[in-house]
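Source file: query35.csv; contents: CSV, C-alpha atoms.
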```
chain,number,residue,atom,x,y,z
L,1,MET,CA,8.2,-20.2,23.0
L,2,ALA,CA,7.3,-19.0,19.5
L,3,PRO,CA,4.9,-16.1,19.3
L,4,VAL,CA,1.3,-16.3,18.3
L,5,LEU,CA,0.2,-14.4,15.1
L,6,ALA,CA,-3.4,-13.4,14.4
L,7,LEU,CA,-4.7,-12.3,11.0
L,8,VAL,CA,-7.8,-10.1,11.4
L,9,GLY,CA,-9.8,-9.8,8.2
L,10,ALA,CA,-8.5,-13.1,7.0
L,11,THR,CA,-11.2,-13.7,4.4
L,12,GLY,CA,-10.9,-10.2,2.7
L,13,ALA,CA,-8.9,-9.3,-0.4
L,14,VAL,CA,-5.8,-8.3,1.5
L,15,GLY,CA,-6.2,-11.0,4.1
L,16,THR,CA,-6.2,-13.6,1.3
L,17,VAL,CA,-2.9,-12.2,0.0
L,18,MET,CA,-1.4,-12.3,3.5
L,19,ILE,CA,-2.2,-16.0,3.7
L,20,ASP,CA,-0.6,-16.5,0.3
L,21,ILE,CA,2.5,-14.7,1.5
L,22,ILE,CA,2.7,-16.8,4.6
L,23,ASN,CA,2.2,-20.0,2.6
L,24,ASN,CA,5.0,-19.1,0.3
L,25,ARG,CA,7.6,-18.3,3.0
L,26,GLU,CA,10.3,-20.9,3.4
L,27,THR,CA,9.9,-20.7,7.2
L,28,VAL,CA,7.8,-18.7,9.6
L,29,PRO,CA,8.5,-17.7,13.2
L,30,TRP,CA,5.1,-18.4,14.6
L,31,GLY,CA,4.0,-21.0,17.0
L,32,GLU,CA,0.4,-20.5,16.1
L,33,ILE,CA,-1.4,-18.6,13.4
L,34,ARG,CA,-5.0,-17.6,14.2
L,35,LEU,CA,-7.5,-16.5,11.6
L,36,ILE,CA,-10.1,-13.9,12.7
L,37,ALA,CA,-12.9,-12.3,10.7
L,38,SER,CA,-16.5,-11.0,11.0
L,39,ALA,CA,-19.3,-13.1,12.3
L,40,ARG,CA,-20.4,-13.6,8.7
L,41,SER,CA,-17.1,-15.3,7.8
L,42,ALA,CA,-16.6,-17.2,11.1
L,43,GLY,CA,-16.5,-21.0,10.6
L,44,LYS,CA,-14.9,-20.9,7.1
L,45,LYS,CA,-12.0,-23.2,6.6
L,46,LEU,CA,-8.8,-21.9,5.1
L,47,THR,CA,-5.5,-23.7,4.5
L,48,VAL,CA,-2.4,-22.1,6.1
L,49,ARG,CA,1.0,-23.8,5.6
L,50,GLY,CA,-0.7,-27.1,4.9
L,51,GLU,CA,-3.0,-27.0,7.9
L,52,GLU,CA,-6.8,-26.4,7.7
L,53,LEU,CA,-7.7,-23.6,10.1
L,54,THR,CA,-11.2,-22.4,11.1
L,55,VAL,CA,-11.9,-18.7,11.0
L,56,ILE,CA,-13.1,-17.4,14.3
L,57,GLU,CA,-15.3,-14.4,15.0
L,58,LEU,CA,-13.8,-11.0,15.8
L,59,THR,CA,-14.3,-10.5,19.5
L,60,ALA,CA,-11.9,-9.4,22.3
L,61,GLU,CA,-11.7,-13.0,23.5
L,62,ALA,CA,-10.3,-14.1,20.1
L,63,PHE,CA,-7.1,-12.4,21.0
L,64,ASP,CA,-6.3,-14.3,24.1
L,65,GLY,CA,-2.6,-15.2,24.0
L,66,VAL,CA,-2.0,-13.3,20.8
L,67,ASP,CA,1.4,-11.6,20.5
L,68,VAL,CA,1.1,-9.9,17.1
L,69,ALA,CA,-2.2,-9.1,15.4
L,70,MET,CA,-2.3,-8.0,11.7
L,71,PHE,CA,-5.4,-6.0,11.0
L,72,ASP,CA,-7.0,-5.5,7.6
L,73,VAL,CA,-10.5,-4.3,8.6
L,74,PRO,CA,-12.5,-1.1,8.2
L,75,ASP,CA,-11.1,2.0,10.0
L,76,GLU,CA,-13.8,2.1,12.7
L,77,ILE,CA,-13.2,-1.6,13.7
L,78,SER,CA,-9.4,-1.1,13.9
L,79,ALA,CA,-9.9,2.1,16.0
L,80,ARG,CA,-12.3,0.4,18.4
L,81,MET,CA,-10.0,-2.6,19.0
L,82,GLY,CA,-7.0,-0.4,19.3
L,83,ARG,CA,-8.7,1.8,22.0
L,84,ARG,CA,-9.5,-1.0,24.4
L,85,SER,CA,-7.9,-0.2,27.8
L,86,ARG,CA,-5.8,2.4,25.9
L,87,ARG,CA,-3.8,-0.4,24.3
L,88,PRO,CA,-4.5,-2.9,21.5
L,89,VAL,CA,-5.9,-6.3,22.2
L,90,ALA,CA,-2.7,-8.0,21.2
L,91,ARG,CA,0.8,-7.2,22.5
L,92,VAL,CA,1.4,-5.5,19.2
L,93,ALA,CA,-1.1,-4.6,16.5
L,94,VAL,CA,0.0,-3.9,13.0
L,95,ASP,CA,-2.8,-2.0,11.3
L,96,ASN,CA,-3.4,-1.8,7.6
L,97,SER,CA,-6.5,0.5,7.8
L,98,GLY,CA,-6.4,4.3,7.8
L,99,ALA,CA,-7.4,4.5,11.5
L,100,PHE,CA,-3.9,5.3,12.8
L,101,GLN,CA,-1.9,6.5,9.8
L,102,GLY,CA,-2.2,10.1,10.8
L,103,TRP,CA,-1.5,9.7,14.5
L,104,SER,CA,1.4,11.1,16.4
L,105,ASP,CA,4.8,9.4,16.9
L,106,ASP,CA,3.1,7.1,19.5
L,107,VAL,CA,1.9,5.2,16.4
L,108,PRO,CA,4.9,4.8,14.0
L,109,LEU,CA,4.4,4.3,10.2
L,110,SER,CA,6.8,1.5,9.4
L,111,VAL,CA,8.4,0.3,6.2
L,112,PRO,CA,10.9,-2.3,7.3
L,113,GLU,CA,13.6,-1.6,4.6
L,114,VAL,CA,13.4,2.1,5.3
L,115,ASN,CA,12.8,2.6,9.1
L,116,ALA,CA,12.6,-0.7,10.8
L,117,ASP,CA,13.8,0.9,14.0
L,118,ARG,CA,10.5,2.8,14.3
L,119,SER,CA,8.7,-0.4,15.2
L,120,ALA,CA,10.5,-0.5,18.5
L,121,SER,CA,9.0,2.9,19.3
L,122,ALA,CA,5.4,1.8,19.3
L,123,ARG,CA,4.6,3.0,22.7
L,124,ARG,CA,0.9,2.4,22.3
L,125,GLY,CA,1.5,-1.1,21.0
L,126,ILE,CA,0.2,-0.1,17.6
L,127,ILE,CA,2.2,0.1,14.3
L,128,ALA,CA,0.5,1.6,11.3
L,129,ASP,CA,1.0,0.4,7.8
L,130,PRO,CA,1.3,3.3,5.4
L,131,ASN,CA,-1.1,4.0,2.6
L,132,CYS,CA,-0.6,1.8,-0.5
L,133,THR,CA,0.3,4.7,-2.7
L,134,THR,CA,3.0,5.9,-0.4
L,135,LEU,CA,4.3,2.4,0.0
L,136,SER,CA,4.6,1.9,-3.7
L,137,MET,CA,7.5,4.4,-3.9
L,138,MET,CA,9.0,4.0,-0.5
L,139,ALA,CA,11.4,1.1,-1.2
L,140,ALA,CA,13.1,3.3,-3.9
L,141,LEU,CA,13.1,6.5,-1.9
L,142,GLY,CA,14.2,4.7,1.2
L,143,ALA,CA,17.2,3.2,-0.7
L,144,LEU,CA,18.2,6.7,-1.8
L,145,HIS,CA,17.7,8.1,1.6
L,146,ARG,CA,21.4,8.1,2.4
L,147,VAL,CA,21.2,11.5,0.6
L,148,ARG,CA,18.7,13.7,2.3
L,149,ALA,CA,15.6,14.4,0.2
L,150,GLU,CA,14.5,18.0,0.1
L,151,GLY,CA,11.4,17.8,-2.2
L,152,LEU,CA,9.1,15.4,-4.0
L,153,VAL,CA,6.7,16.0,-6.8
L,154,VAL,CA,4.7,12.9,-7.4
L,155,ALA,CA,2.0,11.8,-9.9
L,156,SER,CA,0.4,8.5,-9.0
L,157,TYR,CA,-1.6,6.3,-11.4
L,158,GLN,CA,-3.8,4.2,-9.0
L,159,ALA,CA,-5.4,0.8,-9.7
L,160,VAL,CA,-9.1,0.3,-8.9
L,161,SER,CA,-8.4,-2.4,-6.4
L,162,GLY,CA,-7.2,0.4,-4.1
L,163,ALA,CA,-10.9,1.3,-3.8
L,164,GLY,CA,-11.8,-2.3,-2.9
L,165,LYS,CA,-14.0,-4.9,-4.5
L,166,GLU,CA,-16.5,-2.2,-5.5
L,167,GLY,CA,-13.8,-0.5,-7.6
L,168,VAL,CA,-12.8,-3.7,-9.3
L,169,ASP,CA,-16.4,-4.8,-10.1
L,170,ARG,CA,-17.2,-1.3,-11.5
L,171,LEU,CA,-14.3,-1.3,-13.9
L,172,TYR,CA,-15.1,-4.8,-15.2
L,173,ALA,CA,-18.7,-3.7,-15.7
L,174,GLU,CA,-17.7,-0.6,-17.5
L,175,LEU,CA,-15.3,-2.5,-19.8
L,176,GLU,CA,-18.0,-5.0,-20.6
L,177,ALA,CA,-20.5,-2.2,-21.5
L,178,VAL,CA,-18.1,-0.4,-23.9
L,179,ALA,CA,-16.5,-3.6,-25.4
L,180,GLY,CA,-16.7,-3.5,-29.2
L,181,LYS,CA,-18.3,-0.1,-29.3
L,182,PRO,CA,-16.7,2.8,-31.1
L,183,VAL,CA,-16.6,5.1,-28.1
L,184,GLY,CA,-14.0,7.4,-26.7
L,185,VAL,CA,-14.2,9.5,-29.9
L,186,SER,CA,-16.5,12.3,-28.8
L,187,ALA,CA,-17.1,14.2,-25.6
L,188,GLY,CA,-19.4,12.3,-23.3
L,189,ASP,CA,-19.9,9.3,-25.4
L,190,VAL,CA,-18.5,6.9,-22.8
L,191,ARG,CA,-20.8,8.2,-20.1
L,192,LYS,CA,-23.8,7.9,-22.4
L,193,THR,CA,-22.9,4.3,-23.3
L,194,LEU,CA,-22.5,3.4,-19.6
L,195,GLU,CA,-25.8,5.0,-18.7
L,196,ALA,CA,-27.6,3.2,-21.6
L,197,ALA,CA,-26.2,-0.1,-20.1
L,198,GLY,CA,-27.7,0.9,-16.7
L,199,LEU,CA,-24.4,2.0,-15.2
L,200,SER,CA,-25.1,5.4,-13.7
L,201,ILE,CA,-22.2,7.4,-12.5
L,202,SER,CA,-24.1,8.1,-9.3
L,203,ASP,CA,-23.7,4.3,-8.5
L,204,SER,CA,-20.0,4.3,-9.2
L,205,PRO,CA,-17.1,4.8,-6.7
L,206,ASN,CA,-15.6,7.2,-9.2
L,207,PRO,CA,-17.1,10.6,-10.1
L,208,ALA,CA,-16.5,10.0,-13.8
L,209,PRO,CA,-16.3,7.0,-16.2
L,210,LEU,CA,-13.1,5.0,-15.9
L,211,ALA,CA,-13.3,2.9,-19.1
L,212,PHE,CA,-11.2,4.7,-21.7
L,213,ASN,CA,-10.5,7.4,-19.2
L,214,VAL,CA,-8.4,8.5,-16.2
L,215,VAL,CA,-9.9,10.3,-13.2
L,216,PRO,CA,-7.9,12.7,-11.1
L,217,SER,CA,-9.8,11.8,-7.9
L,218,ALA,CA,-8.6,9.3,-5.4
L,219,GLY,CA,-10.0,9.1,-1.9
L,220,SER,CA,-12.3,11.8,-0.4
L,221,TYR,CA,-12.2,15.5,-1.3
L,222,LYS,CA,-10.6,17.5,1.6
L,223,GLY,CA,-10.8,21.0,0.2
L,224,ASP,CA,-8.4,23.5,-1.3
L,225,GLY,CA,-8.1,21.3,-4.3
L,226,TRP,CA,-6.7,18.2,-2.4
L,227,TYR,CA,-8.0,14.7,-2.2
L,228,SER,CA,-7.2,12.5,0.8
L,229,GLU,CA,-4.8,10.2,-1.1
L,230,GLU,CA,-2.7,13.2,-2.1
L,231,LEU,CA,-2.5,14.5,1.5
L,232,LYS,CA,-1.5,11.0,2.7
L,233,VAL,CA,1.4,10.8,0.2
L,234,ALA,CA,2.7,14.1,1.5
L,235,ASN,CA,2.2,13.5,5.2
L,236,GLU,CA,3.3,9.9,5.2
L,237,SER,CA,6.4,10.5,3.2
L,238,ARG,CA,7.6,13.1,5.7
L,239,LYS,CA,6.9,10.8,8.6
L,240,ILE,CA,8.5,7.6,7.1
L,241,LEU,CA,11.6,9.4,6.0
L,242,GLY,CA,11.9,11.4,9.2
L,243,ILE,CA,12.0,14.8,7.4
L,244,PRO,CA,9.2,16.9,8.9
L,245,ASP,CA,9.9,19.9,6.5
L,246,LEU,CA,10.1,17.8,3.3
L,247,LYS,CA,8.3,19.6,0.5
L,248,VAL,CA,5.8,17.3,-1.2
L,249,SER,CA,3.2,17.8,-3.8
L,250,ALA,CA,1.2,14.9,-5.1
L,251,THR,CA,-1.5,14.4,-7.8
L,252,CYS,CA,-3.3,11.1,-7.5
L,253,VAL,CA,-5.1,9.7,-10.6
L,254,ARG,CA,-7.4,6.7,-10.8
L,255,VAL,CA,-6.7,4.6,-13.9
L,256,PRO,CA,-8.3,1.6,-15.6
L,257,VAL,CA,-5.9,-0.9,-14.1
L,258,VAL,CA,-7.1,-3.7,-11.7
L,259,THR,CA,-4.1,-4.0,-9.5
L,260,THR,CA,-0.7,-2.3,-9.2
L,261,HIS,CA,-0.1,1.4,-8.6
L,262,SER,CA,2.4,3.4,-10.7
L,263,LEU,CA,4.1,6.6,-9.7
L,264,ALA,CA,6.2,9.2,-11.6
L,265,VAL,CA,8.6,10.6,-9.0
L,266,HIS,CA,10.5,13.8,-9.3
L,267,ALA,CA,12.9,13.9,-6.3
L,268,THR,CA,15.2,16.7,-5.3
L,269,PHE,CA,18.1,15.9,-3.0
L,270,ALA,CA,20.6,17.9,-0.9
L,271,ARG,CA,23.3,17.0,-3.5
L,272,GLU,CA,23.4,15.5,-7.0
L,273,VAL,CA,22.3,11.9,-7.3
L,274,THR,CA,23.3,10.6,-10.8
L,275,VAL,CA,21.3,8.0,-12.7
L,276,GLU,CA,24.3,5.7,-12.4
L,277,GLU,CA,24.5,6.1,-8.6
L,278,ALA,CA,20.8,5.5,-8.3
L,279,HIS,CA,21.1,2.4,-10.4
L,280,LYS,CA,23.7,1.0,-8.1
L,281,VAL,CA,21.6,1.7,-5.1
L,282,PHE,CA,18.5,0.2,-6.6
L,283,GLU,CA,20.4,-3.0,-7.7
L,284,ALA,CA,21.7,-3.5,-4.2
L,285,GLN,CA,18.3,-3.3,-2.6
L,286,PRO,CA,16.7,-6.8,-2.5
L,287,THR,CA,13.1,-5.5,-2.5
L,288,ILE,CA,13.7,-3.5,-5.8
L,289,VAL,CA,13.9,-4.8,-9.4
L,290,LEU,CA,15.6,-2.3,-11.7
L,291,VAL,CA,14.0,-2.4,-15.2
L,292,ASP,CA,15.6,0.6,-17.0
L,293,ASP,CA,16.4,0.4,-20.7
L,294,PRO,CA,14.0,2.9,-22.3
L,295,GLU,CA,16.0,2.9,-25.6
L,296,ASN,CA,14.8,-0.6,-26.1
L,297,GLY,CA,11.3,-0.1,-24.6
L,298,VAL,CA,12.2,-1.7,-21.3
L,299,PHE,CA,10.6,-0.2,-18.2
L,300,PRO,CA,8.1,-1.2,-15.6
L,301,THR,CA,4.3,-1.4,-16.3
L,302,PRO,CA,1.5,-2.6,-14.1
L,303,ALA,CA,0.7,-5.5,-16.4
L,304,GLU,CA,4.2,-6.9,-15.9
L,305,VAL,CA,4.4,-6.2,-12.1
L,306,VAL,CA,1.0,-7.4,-10.8
L,307,GLY,CA,1.3,-10.3,-8.4
L,308,GLU,CA,5.0,-9.6,-7.7
L,309,ASP,CA,6.4,-8.7,-4.3
L,310,PRO,CA,9.2,-6.3,-5.2
L,311,THR,CA,9.0,-2.6,-6.3
L,312,TYR,CA,10.0,-2.2,-10.0
L,313,VAL,CA,11.9,0.9,-10.9
L,314,GLY,CA,12.8,2.4,-14.2
L,315,LEU,CA,13.0,5.5,-16.5
L,316,GLY,CA,15.7,7.1,-14.3
L,317,ALA,CA,16.7,10.5,-15.6
L,318,PRO,CA,18.2,13.7,-14.3
L,319,GLY,CA,15.7,16.5,-13.7
L,320,ALA,CA,15.7,18.6,-16.9
L,321,GLY,CA,17.5,21.8,-16.0
L,322,LEU,CA,16.9,21.4,-12.3
L,323,PRO,CA,19.9,20.9,-9.9
L,324,ASN,CA,20.1,17.8,-7.7
L,325,THR,CA,17.0,16.3,-9.1
L,326,LEU,CA,16.3,12.7,-10.2
L,327,ASP,CA,13.2,11.5,-12.0
L,328,PHE,CA,12.1,7.8,-12.0
L,329,PHE,CA,9.0,5.6,-12.4
L,330,VAL,CA,7.9,2.9,-10.0
L,331,CYS,CA,5.3,0.2,-10.1
L,332,GLY,CA,4.2,-1.8,-7.1
L,333,ASP,CA,1.4,-4.3,-6.5
L,334,ASN,CA,-0.9,-2.3,-4.1
L,335,LEU,CA,-2.3,-5.5,-2.6
L,336,ARG,CA,1.1,-7.0,-1.9
L,337,LYS,CA,3.9,-4.5,-1.0
L,338,GLY,CA,1.2,-1.8,-0.8
L,339,ALA,CA,-0.7,-3.7,1.9
L,340,ALA,CA,-0.3,-7.3,2.8
L,341,LEU,CA,3.4,-7.8,2.3
L,342,ASN,CA,4.5,-4.7,4.2
L,343,THR,CA,2.1,-5.6,7.1
L,344,TYR,CA,3.5,-9.1,7.3
L,345,GLU,CA,7.1,-7.9,7.0
L,346,ILE,CA,6.5,-5.6,10.0
L,347,ALA,CA,5.1,-8.5,12.0
L,348,GLU,CA,8.1,-10.7,11.0
L,349,THR,CA,10.6,-8.1,12.3
L,350,LEU,CA,8.8,-8.1,15.7
L,351,ALA,CA,8.8,-11.8,16.1
L,352,PRO,CA,12.3,-12.2,17.7
L,353,GLN,CA,11.3,-9.6,20.4
L,354,LEU,CA,8.1,-11.4,21.3
L,355,GLY,CA,9.0,-15.1,21.4
```
Let me see the structure of the file written as structure tokens.
Amino acid sequence: MAPVLALVGATGAVGTVMIDIINNRETVPWGEIRLIASARSAGKKLTVRGEELTVIELTAEAFDGVDVAMFDVPDEISARMGRRSRRPVARVAVDNSGAFQGWSDDVPLSVPEVNADRSASARRGIIADPNCTTLSMMAALGALHRVRAEGLVVASYQAVSGAGKEGVDRLYAELEAVAGKPVGVSAGDVRKTLEAAGLSISDSPNPAPLAFNVVPSAGSYKGDGWYSEELKVANESRKILGIPDLKVSATCVRVPVVTTHSLAVHATFAREVTVEEAHKVFEAQPTIVLVDDPENGVFPTPAEVVGEDPTYVGLGAPGAGLPNTLDFFVCGDNLRKGAALNTYEIAETLAPQLG
């Protein structure tokens, strides 16, 4: 009997992308797909694989008979559902919130093309989806993982959709306020223009203007100069790659891009990895698109990657004067591979075990 899949948070931004992914699969392994959301969204009709489904309210009873539940809801809701009877409400929960990302090995962080075997070790019945920033570079790093990584220095350029609808709405409002105005030419003129338009920084999810600007602040401040997104990149990279002593330093920057994160990765390995070797590895990985011809201005950018499933990689170069080091640039849609797609791919890998 085919397993039952539940999508929790079906009407949200990531949930909508999950439905799009399911609708565009040639086949799916599910006998039933159940849509679950808040009481406010219950009763809505959504089309999944040609069938109109009614969204049902998020309650414990909604999970009766569910084999795999994909969660994209606030952390506190995921944590509450996951704690019931010390096990999740479904046989396996795949969680895209931050509720379980920092847990012990009882809750694995899974990226199917890197560590699919970790899903089998979900002793609590919960599998965590990594943070979208970490995921954006993991297809490339995982492909190169045949050579042990020893250190990563990462700079991320993060789209506002990573901060949710509030981040997207704020960027559009700021762009509208500065459109056609000669700003960005003197210190503080963007902020003054926004405030004159009624857009106070105190009402923004960012601590500084984002129009005509970049903001080195992503997530919440955790002290010692680190923001939560930077700590997630470090801790999750170690856990996913299975290298507890991996040296990682990350700087995460919010940029005026709607969707698709970019990362400049400076990776040091146990031996030399040439650009030619890396190209062959990337070309062999079906979830990577290699776009690397800088002499002719060919490299990945968010505007050319948004809405796509693969990770795009380019600008491969040996670390200047540094042994065993490779630099490259990656772009990945943070709502697809950075969230919805990876969550669904985890669920798909579990389906044969649960049918």
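If all atoms listed in the file are the atoms counted, then among L:Ala320, L:Ala278, L:Ala218, L:Val94 the closest residue to Cys252 in chain L is L:Ala218.
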Using all atoms listed in the file, determine which residues lie at most 7 Å from Val68 in chain L, disregarding the query and same-chain residues fewer than 5 positions distant; provide the list as a list of chain:residue names.
L:Val4, L:Leu5, L:Ala6, L:Ala90, L:Arg91, L:Val92, L:Ala93, L:Ala347
CA of Asn115 in chain L and CA of Asn131 in chain L are how many Å apart?
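Between CA of Asn115 in chain L and CA of Asn131 in chain L the gap is 15.4 Å.
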Minimum-distance residue to Glu276 in chain L, chosen among L:Met137, L:Ala39, L:Leu326, L:Ile127 (using all atoms listed in the file)
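Using all atoms listed in the file, the shortest distance to Glu276 in chain L belongs to L:Leu326.
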Counting all atoms listed in the file, the residue of L:Pro310, L:Val168, L:Val111, L:Arg49 that sits nearest Glu26 in chain L:
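Smallest separation from Glu26 in chain L among the options: L:Arg49.
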Suppose you want the space between CA of Arg34 in chain L and CA of Leu7 in chain L; what is it in Å?
6.2 Å
Of the residues L:Ser262, L:Asn24, L:Ser249, L:Thr287, which is the one nearest to Ala234 in chain L, using only C-alpha atoms?
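Comparing L:Ser262, L:Asn24, L:Ser249, L:Thr287 against Ala234 in chain L, the winner is L:Ser249.
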Tell me which of L:Arg118, L:Thr133, L:Leu152, L:Leu144 sits closest to Asp245 in chain L, counting only C-alpha atoms.
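The answer is L:Leu152, which sits nearest to Asp245 in chain L.
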Do you know which residues are at most 8 Å from Val190 in chain L counting all atoms listed in the file, after dropping those on the same chain fewer than 5 positions away, and could you put them as a list in words?
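Close residues of Val190 in chain L: Val178, Val183, Gly184, Pro209, Ala211 and Phe212 of chain L.
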Which of these, L:Asp129, L:Asp327, L:Glu308, L:Glu150, has the shortest distance to Glu236 in chain L once you count all atoms listed in the file?
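Among the listed residues, L:Asp129 lies closest to Glu236 in chain L.
Take CA of Gly297 in chain L and CA of Ala264 in chain L: the distance between them is 16.8 Å.
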For range 51-67 of chain L, list every protein, DNA or RNA residue within 10 Å, evaluated using all atoms listed in the file, and leave out those in the same chain fewer than 3 positions away; present the list as a short mmCIF file (atom, residue, chain, number, x, y, z; two decimals) with C-alpha atoms, keeping the file's coordinate frame.
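Here's the written file result.cif:
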```cif
data_model
loop_
_atom_site.label_atom_id
_atom_site.label_comp_id
_atom_site.auth_asym_id
_atom_site.auth_seq_id
_atom_site.Cartn_x
_atom_site.Cartn_y
_atom_site.Cartn_z
CA ALA L 2 7.30 -19.00 19.50
CA PRO L 3 4.90 -16.10 19.30
CA VAL L 4 1.30 -16.30 18.30
CA LEU L 5 0.20 -14.40 15.10
CA ALA L 6 -3.40 -13.40 14.40
CA LEU L 7 -4.70 -12.30 11.00
CA VAL L 8 -7.80 -10.10 11.40
CA GLY L 9 -9.80 -9.80 8.20
CA ALA L 10 -8.50 -13.10 7.00
CA THR L 11 -11.20 -13.70 4.40
CA TRP L 30 5.10 -18.40 14.60
CA GLU L 32 0.40 -20.50 16.10
CA ILE L 33 -1.40 -18.60 13.40
CA ARG L 34 -5.00 -17.60 14.20
CA LEU L 35 -7.50 -16.50 11.60
CA ILE L 36 -10.10 -13.90 12.70
CA ALA L 37 -12.90 -12.30 10.70
CA SER L 38 -16.50 -11.00 11.00
CA ALA L 39 -19.30 -13.10 12.30
CA ARG L 40 -20.40 -13.60 8.70
CA SER L 41 -17.10 -15.30 7.80
CA ALA L 42 -16.60 -17.20 11.10
CA GLY L 43 -16.50 -21.00 10.60
CA LYS L 44 -14.90 -20.90 7.10
CA LYS L 45 -12.00 -23.20 6.60
CA LEU L 46 -8.80 -21.90 5.10
CA THR L 47 -5.50 -23.70 4.50
CA VAL L 48 -2.40 -22.10 6.10
CA ILE L 77 -13.20 -1.60 13.70
CA MET L 81 -10.00 -2.60 19.00
CA ARG L 84 -9.50 -1.00 24.40
CA PRO L 88 -4.50 -2.90 21.50
CA VAL L 89 -5.90 -6.30 22.20
CA ALA L 90 -2.70 -8.00 21.20
CA ARG L 91 0.80 -7.20 22.50
CA VAL L 92 1.40 -5.50 19.20
CA ALA L 93 -1.10 -4.60 16.50
CA ALA L 347 5.10 -8.50 12.00
CA LEU L 350 8.80 -8.10 15.70
CA ALA L 351 8.80 -11.80 16.10
CA LEU L 354 8.10 -11.40 21.30
CA GLY L 355 9.00 -15.10 21.40
#
```
Shell around Pro216 in chain L at 8 Å using all atoms listed in the file, local window under 3 positions removed, as a ChimeraX atom specification:
/L:251-254
Leaving out range 197-206 of chain L and any residue of its chain fewer than 4 positions from it, which residues lie within 12 Å of it when counting all atoms listed in the file, given as a ChimeraX atom specification?
/L:160-179,190-193,210-211,213-221,253-256
Would you export the selected residues with C-alpha atoms as a short mmCIF file (atom, residue, chain, number, x, y, z; two decimals), in the frame of the given file, please?
```cif
data_model
loop_
_atom_site.label_atom_id
_atom_site.label_comp_id
_atom_site.auth_asym_id
_atom_site.auth_seq_id
_atom_site.Cartn_x
_atom_site.Cartn_y
_atom_site.Cartn_z
CA VAL L 160 -9.10 0.30 -8.90
CA SER L 161 -8.40 -2.40 -6.40
CA GLY L 162 -7.20 0.40 -4.10
CA ALA L 163 -10.90 1.30 -3.80
CA GLY L 164 -11.80 -2.30 -2.90
CA LYS L 165 -14.00 -4.90 -4.50
CA GLU L 166 -16.50 -2.20 -5.50
CA GLY L 167 -13.80 -0.50 -7.60
CA VAL L 168 -12.80 -3.70 -9.30
CA ASP L 169 -16.40 -4.80 -10.10
CA ARG L 170 -17.20 -1.30 -11.50
CA LEU L 171 -14.30 -1.30 -13.90
CA TYR L 172 -15.10 -4.80 -15.20
CA ALA L 173 -18.70 -3.70 -15.70
CA GLU L 174 -17.70 -0.60 -17.50
CA LEU L 175 -15.30 -2.50 -19.80
CA GLU L 176 -18.00 -5.00 -20.60
CA ALA L 177 -20.50 -2.20 -21.50
CA VAL L 178 -18.10 -0.40 -23.90
CA ALA L 179 -16.50 -3.60 -25.40
CA VAL L 190 -18.50 6.90 -22.80
CA ARG L 191 -20.80 8.20 -20.10
CA LYS L 192 -23.80 7.90 -22.40
CA THR L 193 -22.90 4.30 -23.30
CA LEU L 210 -13.10 5.00 -15.90
CA ALA L 211 -13.30 2.90 -19.10
CA ASN L 213 -10.50 7.40 -19.20
CA VAL L 214 -8.40 8.50 -16.20
CA VAL L 215 -9.90 10.30 -13.20
CA PRO L 216 -7.90 12.70 -11.10
CA SER L 217 -9.80 11.80 -7.90
CA ALA L 218 -8.60 9.30 -5.40
CA GLY L 219 -10.00 9.10 -1.90
CA SER L 220 -12.30 11.80 -0.40
CA TYR L 221 -12.20 15.50 -1.30
CA VAL L 253 -5.10 9.70 -10.60
CA ARG L 254 -7.40 6.70 -10.80
CA VAL L 255 -6.70 4.60 -13.90
CA PRO L 256 -8.30 1.60 -15.60
#
```
For the point (0.7, -5.0, -2.1) in the file's frame, write as a short mmCIF file (atom, residue, chain, number, x, y, z; two decimals) with C-alpha atoms, keeping the file's coordinate frame all residues with an atom no more than 9 Å away, counting all atoms listed in the file.
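Ended up saving to result15.cif:
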```cif
data_model
loop_
_atom_site.label_atom_id
_atom_site.label_comp_id
_atom_site.auth_asym_id
_atom_site.auth_seq_id
_atom_site.Cartn_x
_atom_site.Cartn_y
_atom_site.Cartn_z
CA VAL L 14 -5.80 -8.30 1.50
CA VAL L 17 -2.90 -12.20 0.00
CA CYS L 132 -0.60 1.80 -0.50
CA LEU L 135 4.30 2.40 0.00
CA SER L 136 4.60 1.90 -3.70
CA THR L 259 -4.10 -4.00 -9.50
CA THR L 260 -0.70 -2.30 -9.20
CA GLY L 307 1.30 -10.30 -8.40
CA GLU L 308 5.00 -9.60 -7.70
CA ASP L 309 6.40 -8.70 -4.30
CA GLY L 332 4.20 -1.80 -7.10
CA ASP L 333 1.40 -4.30 -6.50
CA ASN L 334 -0.90 -2.30 -4.10
CA LEU L 335 -2.30 -5.50 -2.60
CA ARG L 336 1.10 -7.00 -1.90
CA LYS L 337 3.90 -4.50 -1.00
CA GLY L 338 1.20 -1.80 -0.80
CA ALA L 339 -0.70 -3.70 1.90
CA ALA L 340 -0.30 -7.30 2.80
CA LEU L 341 3.40 -7.80 2.30
CA ASN L 342 4.50 -4.70 4.20
#
```
